[in-house]
Amino acid sequence: MNRVILVDDETMLLDSLEIILSLNNMEIVGKAHDGNEALEILKDKECEMALVDLNMKGMGGIELIGHINKLYPTVKILVLTTFYDDKNITDAISNGADGYLLKDSGKDAILGAVSQIMGGQTVLDQKVMQRLTMLVAENMNRAGNGAGNVSVNGTTGSTPTIGEDSLRANSVYGELTDREKEIAELMVEGLSNRQIADKLYISEGTVKNYISSIYDKTGIHDRVKLVVALKQ
């Protein structure tokens, strides 16, 4: 049974999430209305995952994510918010969030994200993935025009690093099977594993197996980095 802490300043949402997760074999170790309250709970409670809102009075979600990663590095973090502007996306991911969903994603998407993140995957809402890849492309264009460093997931690095990922991914693209190429293209479009499975009429487990094969062949074992590399 996975132990989860919920952090949001909306009491009704906290109660709803508690019911949904508790009915799906998860133990809620605490409910907090801001980052400070969450850290107090974590001092006494062990957990595997934190569901975190971003915009809260007191300590907000971005700062909390940083503290959790520093103090409790094994705790997975899923952002659940209504905001998907550039700054929140890059700040959350660069501070160590393992997933980023919008609150209107629905029960199944939230449960699926929790399961995937606990399995070691990064999960991004389709809108967030699309915006993130656009940001990277914009940064790449600026870098190509002499604008300086490139920011990927909010972390600044030199252009060659991203170029190496792109070269590696695209050089083996032709070695992928037709199905792997199809799935890779849907990943680039920002579809989640569940959405890919529904679109192709295959199981989500099969999609995960294909993605693992794509990771192995490209040598890029991170969903965001792979999508960014394939878009270049």
# chains A, B, ... in the order shown; residues from 1 in each chain; ligands from 1

call {"tool": "residues_around", "arguments": {"residues": "Leu64 (chain A)", "least_positions_apart": "3", "cutoff": "12 Å", "atoms": "only C-alpha atoms", "output": "MDAnalysis selection string"}}
result
chainID A and resid 7:8 32:40 42 50:56 58:61 67:72 77:79 91:92 95:97

call {"tool": "residues_around", "arguments": {"residues": "region 105-120 of chain A", "least_positions_apart": "5", "cutoff": "9 Å", "atoms": "only C-alpha atoms", "output": "PyMOL selection string"}}
result
chain A and resi 2+17+20-21+24+48-49+51+76-78+80+98-100+125+194

call {"tool": "select_by_dssp", "arguments": {"residues": "region 176-218 of chain A", "states": "alpha helix (DSSP H)", "output": "ChimeraX atom specification"}}
result
/A:178-188,193-200,204-218

call {"tool": "write_last_selection", "arguments": {"atoms": "C-alpha atoms", "output": "PDB file, in the first residue's frame"}}
result
ATOM      1  CA  ASP A 178       6.922   0.726 -37.407  1.00  0.00           C
ATOM      2  CA  ARG A 179       4.922   0.389 -34.178  1.00  0.00           C
ATOM      3  CA  GLU A 180       7.710   1.958 -32.129  1.00  0.00           C
ATOM      4  CA  LYS A 181       7.866   4.873 -34.562  1.00  0.00           C
ATOM      5  CA  GLU A 182       4.109   5.289 -34.299  1.00  0.00           C
ATOM      6  CA  ILE A 183       4.271   5.364 -30.514  1.00  0.00           C
ATOM      7  CA  ALA A 184       7.252   7.725 -30.538  1.00  0.00           C
ATOM      8  CA  GLU A 185       5.304  10.127 -32.760  1.00  0.00           C
ATOM      9  CA  LEU A 186       2.342  10.033 -30.378  1.00  0.00           C
ATOM     10  CA  MET A 187       4.689  10.729 -27.463  1.00  0.00           C
ATOM     11  CA  VAL A 188       5.979  13.769 -29.335  1.00  0.00           C
ATOM     12  CA  ASN A 193       0.524   6.089 -22.117  1.00  0.00           C
ATOM     13  CA  ARG A 194      -3.201   5.627 -21.538  1.00  0.00           C
ATOM     14  CA  GLN A 195      -4.110   7.906 -24.444  1.00  0.00           C
ATOM     15  CA  ILE A 196      -1.685   6.090 -26.739  1.00  0.00           C
ATOM     16  CA  ALA A 197      -3.154   2.745 -25.699  1.00  0.00           C
ATOM     17  CA  ASP A 198      -6.698   3.950 -26.388  1.00  0.00           C
ATOM     18  CA  LYS A 199      -5.734   5.416 -29.761  1.00  0.00           C
ATOM     19  CA  LEU A 200      -3.937   2.279 -30.942  1.00  0.00           C
ATOM     20  CA  GLU A 204      -1.278   0.289 -21.522  1.00  0.00           C
ATOM     21  CA  GLY A 205       1.203  -2.412 -20.496  1.00  0.00           C
ATOM     22  CA  THR A 206       2.024  -3.027 -24.145  1.00  0.00           C
ATOM     23  CA  VAL A 207       2.624   0.691 -24.633  1.00  0.00           C
ATOM     24  CA  LYS A 208       5.028   0.681 -21.679  1.00  0.00           C
ATOM     25  CA  ASN A 209       6.927  -2.234 -23.210  1.00  0.00           C
ATOM     26  CA  TYR A 210       7.279  -0.416 -26.525  1.00  0.00           C
ATOM     27  CA  ILE A 211       8.460   2.745 -24.778  1.00  0.00           C
ATOM     28  CA  SER A 212      11.057   0.751 -22.826  1.00  0.00           C
ATOM     29  CA  SER A 213      12.340  -0.606 -26.130  1.00  0.00           C
ATOM     30  CA  ILE A 214      12.471   2.918 -27.580  1.00  0.00           C
ATOM     31  CA  TYR A 215      14.427   4.077 -24.528  1.00  0.00           C
ATOM     32  CA  ASP A 216      16.918   1.230 -24.929  1.00  0.00           C
ATOM     33  CA  LYS A 217      17.419   1.839 -28.647  1.00  0.00           C
ATOM     34  CA  THR A 218      17.830   5.609 -28.365  1.00  0.00           C
TER      35      THR A 218
END

call {"tool": "select_by_dssp", "arguments": {"residues": "chain A", "states": "strand (DSSP E)", "output": "PyMOL selection string"}}
result
chain A and resi 2-7+26-32+49-52+76-81+99-102+123-124+150-152+155-157

call {"tool": "write_last_selection", "arguments": {"atoms": "N, CA and C atoms", "output": "CSV table (one decimal), in the first residue's frame"}}
result
chain,number,residue,atom,x,y,z
A,2,ASN,N,0.7,2.1,-1.0
A,2,ASN,CA,1.5,3.3,-1.1
A,2,ASN,C,1.0,4.4,-0.1
A,3,ARG,N,1.9,5.0,0.6
A,3,ARG,CA,1.5,6.1,1.5
A,3,ARG,C,1.7,7.4,0.8
A,4,VAL,N,0.7,8.3,0.9
A,4,VAL,CA,0.6,9.5,0.2
A,4,VAL,C,0.3,10.7,1.1
A,5,ILE,N,0.9,11.8,0.8
A,5,ILE,CA,0.5,13.1,1.5
A,5,ILE,C,-0.1,14.0,0.5
A,6,LEU,N,-1.2,14.7,0.8
A,6,LEU,CA,-1.9,15.6,-0.1
A,6,LEU,C,-1.7,17.0,0.4
A,7,VAL,N,-1.3,17.9,-0.5
A,7,VAL,CA,-1.0,19.2,-0.2
A,7,VAL,C,-1.8,20.2,-1.1
A,26,MET,N,-4.4,3.0,-1.4
A,26,MET,CA,-3.4,4.0,-0.9
A,26,MET,C,-3.8,4.5,0.4
A,27,GLU,N,-2.7,4.7,1.2
A,27,GLU,CA,-2.9,5.2,2.6
A,27,GLU,C,-2.6,6.7,2.6
A,28,ILE,N,-3.5,7.6,3.1
A,28,ILE,CA,-3.2,9.0,3.2
A,28,ILE,C,-2.6,9.3,4.5
A,29,VAL,N,-1.4,9.7,4.5
A,29,VAL,CA,-0.7,9.9,5.8
A,29,VAL,C,-0.9,11.3,6.4
A,30,GLY,N,-1.4,12.2,5.5
A,30,GLY,CA,-1.7,13.5,6.0
A,30,GLY,C,-2.2,14.4,4.9
A,31,LYS,N,-3.0,15.4,5.3
A,31,LYS,CA,-3.5,16.4,4.4
A,31,LYS,C,-3.0,17.8,4.9
A,32,ALA,N,-2.4,18.6,4.0
A,32,ALA,CA,-1.8,19.9,4.4
A,32,ALA,C,-2.3,20.9,3.5
A,49,MET,N,4.8,9.2,-1.8
A,49,MET,CA,4.5,10.2,-2.8
A,49,MET,C,3.8,11.4,-2.2
A,50,ALA,N,4.0,12.5,-2.8
A,50,ALA,CA,3.3,13.8,-2.4
A,50,ALA,C,2.5,14.3,-3.6
A,51,LEU,N,1.2,14.6,-3.4
A,51,LEU,CA,0.5,15.3,-4.5
A,51,LEU,C,0.4,16.7,-4.0
A,52,VAL,N,0.9,17.6,-4.9
A,52,VAL,CA,1.2,19.0,-4.5
A,52,VAL,C,0.6,20.0,-5.4
A,76,LYS,N,8.3,10.5,-4.2
A,76,LYS,CA,7.9,11.0,-5.5
A,76,LYS,C,7.0,12.2,-5.4
A,77,ILE,N,7.0,13.0,-6.4
A,77,ILE,CA,6.1,14.2,-6.3
A,77,ILE,C,5.3,14.4,-7.6
A,78,LEU,N,4.0,14.5,-7.4
A,78,LEU,CA,3.1,14.7,-8.5
A,78,LEU,C,2.4,16.1,-8.3
A,79,VAL,N,2.7,17.0,-9.2
A,79,VAL,CA,2.0,18.3,-9.2
A,79,VAL,C,0.6,18.2,-9.7
A,80,LEU,N,-0.3,18.7,-9.0
A,80,LEU,CA,-1.7,18.7,-9.4
A,80,LEU,C,-2.2,20.1,-9.3
A,81,THR,N,-2.4,20.8,-10.4
A,81,THR,CA,-2.7,22.2,-10.3
A,81,THR,C,-3.6,22.7,-11.5
A,99,GLY,N,6.0,14.4,-11.9
A,99,GLY,CA,4.8,14.5,-12.8
A,99,GLY,C,4.1,15.8,-12.6
A,100,TYR,N,3.3,16.1,-13.7
A,100,TYR,CA,2.6,17.4,-13.7
A,100,TYR,C,1.3,17.2,-14.4
A,101,LEU,N,0.2,17.2,-13.6
A,101,LEU,CA,-1.1,17.1,-14.1
A,101,LEU,C,-2.0,18.3,-13.8
A,102,LEU,N,-3.0,18.6,-14.7
A,102,LEU,CA,-3.9,19.6,-14.4
A,102,LEU,C,-5.1,19.0,-13.6
A,123,VAL,N,5.4,11.6,-15.7
A,123,VAL,CA,4.1,11.8,-16.3
A,123,VAL,C,3.8,13.3,-16.4
A,124,LEU,N,3.5,13.7,-17.6
A,124,LEU,CA,3.1,15.1,-17.9
A,124,LEU,C,1.8,15.1,-18.6
A,150,VAL,N,20.8,27.0,-23.4
A,150,VAL,CA,19.5,26.4,-23.6
A,150,VAL,C,19.0,25.9,-22.3
A,151,SER,N,17.7,26.1,-22.1
A,151,SER,CA,17.1,25.7,-20.8
A,151,SER,C,16.1,24.5,-21.1
A,152,VAL,N,16.4,23.4,-20.5
A,152,VAL,CA,15.6,22.2,-20.7
A,152,VAL,C,15.1,21.8,-19.3
A,155,THR,N,16.5,23.7,-16.4
A,155,THR,CA,17.9,23.6,-16.1
A,155,THR,C,18.7,24.1,-17.2
A,156,THR,N,19.6,25.1,-17.0
A,156,THR,CA,20.3,25.7,-18.0
A,156,THR,C,21.6,24.8,-18.4
A,157,GLY,N,21.8,24.6,-19.7
A,157,GLY,CA,22.9,23.9,-20.1
A,157,GLY,C,23.4,24.4,-21.4

call {"tool": "atom_distance", "arguments": {"atom1": "CA of Tyr173 (chain A)", "atom2": "CA of Leu226 (chain A)"}}
result
11.3 Å

call {"tool": "atom_distance", "arguments": {"atom1": "CA of Leu191 (chain A)", "atom2": "CA of Met129 (chain A)"}}
result
8.3 Å
